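Engineer: Sharing a structure below in structure tokens format, with a few things to ask.
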Amino acid sequence: MKAAVVVFPGSNREGDVIRALHQATGHAPQKIWHADHELPQGTDLVVLPGGFSYGDYLRCGAIAGRAAIMDAVRAHAAKGGLVLGICNGFQILVESGLLPGVLMRNAGLKFICKMQHLKVGRTDTAFTSAYTDGQVIKVAIAHGEGNYIADEETLKRLEGENRVAFRYCDAQGKLGGDANPNGSLNDIAGIYSDRLNVLGMMPHPENLIEHLVGGIDGRGLFDSLAKARAA
Amino acid sequence: MKARVTVTLKNGVLDPQGKAIEGALKSLGVEGVDGVRQGKVFDIVLNGTDKARAEAALKTACEKLLANTVIENYRIEFVG
């Protein structure tokens with residue numbers, strides 16, 4: 001598994017995700033600057049890390065979504081290569097058209113930074129094979145714009161094609177109500193592309209990989225990727 | 001040449017900021033407010049004098065960056 005982590009001006013979680021990938025795969029991913037035009041040869045996985053690219057100016061992820069490197073990321077995804085966008089990375093994926101829908105301001109208008117339970121969807125993808133179906137995991141969320149919105153048709157398609165990767169839930173795995181922190185439709189915390197090779201998610205699994213800092217429920221995602229090979 | 005681009009949320013798209021502003025106006029005692037939708041305004045200075053060309057460029061700017069056409073509409077006006 002050869003991974004590349006794209007760094008935009010204002011990214012700040014690249015170190016965390018590099019550490020998580022290094023721990024899971026045994027190899028340090030390469031950092032790629034947003035103004036580059038090419039990914040390193042043989043890249044299996046591209047990661048768009050969390051942060052506040054371009055200070056969230058205009059719309060979160062809007063300017064980064066049009067960065068030079070994104071053409072290469074689009075081409076990588078079109079070939080079936082793996083792409084993971086976390087938090088601001090998810091916002092960049094929807095702004096760049098790699099995933100459908102949009103991430104609006106949290107329903108409660110507040111920036112939310114807390115631990116959050118998620119229910120894992122399907123486990124037959126490159127991102128989730130180390131989890132079990134319907135497993136409840138505890139990870140961190142830290143965002144002001146994580147309210148996933150899509151039109152009815154898109155939502156129906158995502159559900160029909162089983163492309164919801166993670167949903168917000170409580171500790172018992174119950175969806176909806178207070179367990180949904182930001183108002184996302186259908187409690188959506190993460191979604192896949194139609195070929196399941198692109199995953200965007202608001203929560204931060206890369207921050208839950210050590211017992212020392214609250215748990216290791218995030219490791220499953222990186223262990224899954226370590227096992228995976230790009231299609 | 002100067003242009004003003006106004007970007008607004010499409011009808012039906014939930015606008016929590018607009019709702020909060022509406023609530024604040026009501027609590028300030030401003031009467032007769034039935035709804036608030038928040039948008040963005042871009043004042044853009046263009047070189048050249050060809051209006052059709054400028055309009056085409058602005059349309060590209062809106063489609064490519066200024067608006068997220070999944071949730072937003074845009075309007076282009078030439079001013080002064």
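Following the order of the structure tokens, first chain is A, next is B, and so on, with residues numbered from 1 inside each chain and ligands from 1 in the order they appear.
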Would you pick out the contacts of Cys62 in chain B at 9 Å or less, using only C-alpha atoms, so that residues sharing its chain but fewer than 2 positions from it are not included, and give the list as a list of chain:residue names?
Structural biologist: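 Listed by chain and then number, they are B:Val5, B:Val7, B:Ala57, B:Leu58, B:Lys59, B:Thr60, B:Lys64, B:Leu65, B:Leu66, B:Ala67, B:Asn68, B:Thr69, B:Tyr74, B:Arg75, B:Ile76.
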Engineer: I'd like a table as a Markdown table: residues in chain A with an atom no more than 8 Å from chain B, each row giving the shortest atom pair and its distance in Å to one decimal, only C-alpha atoms counted, sorted by chain and rising residue number.
Structural biologist:
| residue | atom | partner | partner_atom | distance |
| --- | --- | --- | --- | --- |
| A:Leu58 | CA | B:Leu66 | CA | 7.4 |
| A:Ala62 | CA | B:Leu65 | CA | 6.9 |
| A:Ile63 | CA | B:Leu65 | CA | 7.3 |
| A:Arg66 | CA | B:Leu65 | CA | 7.8 |
| A:Glu95 | CA | B:Asn68 | CA | 7.4 |
| A:Gly101 | CA | B:Val70 | CA | 7.2 |
| A:Val102 | CA | B:Val70 | CA | 7.5 |
| A:Arg105 | CA | B:Pro16 | CA | 7.1 |
| A:Asn106 | CA | B:Pro16 | CA | 7.8 |
| A:Ala107 | CA | B:Pro16 | CA | 6.0 |
| A:Gly108 | CA | B:Pro16 | CA | 7.6 |
| A:Leu109 | CA | B:Pro16 | CA | 6.8 |
Engineer: Please list as a list in words every residue within 12 Å of Gly23 in chain B, counting only C-alpha atoms and excluding residues in the same chain fewer than 6 positions away.
Structural biologist: Pro16, Gln17, Gly29, Val30, Glu31, Val33, Asp34, Gly35, Val36 and Arg37 of chain B
Engineer: Any chance you can output those residues with N, CA and C atoms as a PDB file, in the first residue's frame?
Structural biologist:
ATOM      1  N   PRO B  16     -29.365  27.375   8.101  1.00  0.00           N
ATOM      2  CA  PRO B  16     -29.374  27.601   9.555  1.00  0.00           C
ATOM      3  C   PRO B  16     -28.883  28.994   9.943  1.00  0.00           C
ATOM      4  N   GLN B  17     -27.946  29.553   9.143  1.00  0.00           N
ATOM      5  CA  GLN B  17     -27.470  30.915   9.458  1.00  0.00           C
ATOM      6  C   GLN B  17     -28.589  31.924   9.260  1.00  0.00           C
ATOM      7  N   GLY B  29     -36.631  43.004  18.184  1.00  0.00           N
ATOM      8  CA  GLY B  29     -37.880  43.742  18.049  1.00  0.00           C
ATOM      9  C   GLY B  29     -38.121  44.298  16.653  1.00  0.00           C
ATOM     10  N   VAL B  30     -37.352  43.830  15.667  1.00  0.00           N
ATOM     11  CA  VAL B  30     -37.598  44.263  14.283  1.00  0.00           C
ATOM     12  C   VAL B  30     -38.871  43.571  13.800  1.00  0.00           C
ATOM     13  N   GLU B  31     -39.836  44.361  13.416  1.00  0.00           N
ATOM     14  CA  GLU B  31     -41.135  43.767  13.099  1.00  0.00           C
ATOM     15  C   GLU B  31     -41.293  43.443  11.627  1.00  0.00           C
ATOM     16  N   VAL B  33     -40.647  40.678   9.917  1.00  0.00           N
ATOM     17  CA  VAL B  33     -39.700  39.802   9.216  1.00  0.00           C
ATOM     18  C   VAL B  33     -40.289  38.387   9.138  1.00  0.00           C
ATOM     19  N   ASP B  34     -40.464  37.927   7.909  1.00  0.00           N
ATOM     20  CA  ASP B  34     -41.083  36.609   7.709  1.00  0.00           C
ATOM     21  C   ASP B  34     -40.053  35.532   7.411  1.00  0.00           C
ATOM     22  N   GLY B  35     -38.867  35.943   6.991  1.00  0.00           N
ATOM     23  CA  GLY B  35     -37.851  34.947   6.674  1.00  0.00           C
ATOM     24  C   GLY B  35     -36.557  35.623   6.254  1.00  0.00           C
ATOM     25  N   VAL B  36     -35.412  34.997   6.534  1.00  0.00           N
ATOM     26  CA  VAL B  36     -34.105  35.527   6.119  1.00  0.00           C
ATOM     27  C   VAL B  36     -33.318  34.405   5.454  1.00  0.00           C
ATOM     28  N   ARG B  37     -32.746  34.691   4.308  1.00  0.00           N
ATOM     29  CA  ARG B  37     -31.854  33.755   3.632  1.00  0.00           C
ATOM     30  C   ARG B  37     -30.531  34.481   3.441  1.00  0.00           C
TER      31      ARG B  37
END
Engineer: Do you have the CA of Val139 in chain A-CA of Gly65 in chain A distance handy?
Structural biologist: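 Separation of CA of Val139 in chain A and CA of Gly65 in chain A: 25.6 Å.
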Engineer: Skip Gln30 in chain A itself and residues of its chain fewer than 4 positions away, then list as JSON, numbers by chain all residues within 8 Å of it, counting only C-alpha atoms.
Structural biologist: {"A": [3, 4, 5]}
Engineer: Would you mind exporting C-alpha atoms of the selected residues as a PDB file, in the first residue's frame?
Structural biologist:
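part.pdb, written as the output of this step:
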ATOM      1  CA  ALA A   3      -0.066   6.234   0.137  1.00  0.00           C
ATOM      2  CA  ALA A   4       0.223   9.917  -0.705  1.00  0.00           C
ATOM      3  CA  VAL A   5      -1.147  12.633   1.587  1.00  0.00           C
TER       4      VAL A   5
END
Engineer: Rank nothing, just name the residue among A:Gly42, A:Gly144, A:Gly134, A:Gly51 nearest to Gly121 in chain A, using only C-alpha atoms.
Structural biologist: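 Checking each of A:Gly42, A:Gly144, A:Gly134, A:Gly51 against Gly121 in chain A, counting only C-alpha atoms, the winner is A:Gly134.
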Engineer: Residues at most 10 Å from Glu55 in chain B, counting only C-alpha atoms, excluding those fewer than 6 positions away in the same chain, as a list in words?
Structural biologist: Ala3, Ala61, Ile76, Glu77 and Phe78 of chain B
Engineer: Quick check for you: according to DSSP on this backbone, which residues of chain A are classed as helix (DSSP H, G or I)? Reply as a ChimeraX atom specification.
Structural biologist: /A:14-25,53-56,64-66,69-78,88-95,152-160,177-179,185-187,205-207,211-213,219-227
Engineer: For Met1 in chain B, find every residue with an atom within 10 Å (counting only C-alpha atoms), except residues of its own chain fewer than 2 positions away, and show them as a list in words.
Structural biologist: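 Final neighbour list, sorted by chain and number: Ala3, Ile44, Val45, Leu46, Asn47, Gly48, Thr49, Asp50, Lys51, Ala54, Phe78, Val79 and Gly80 of chain B.
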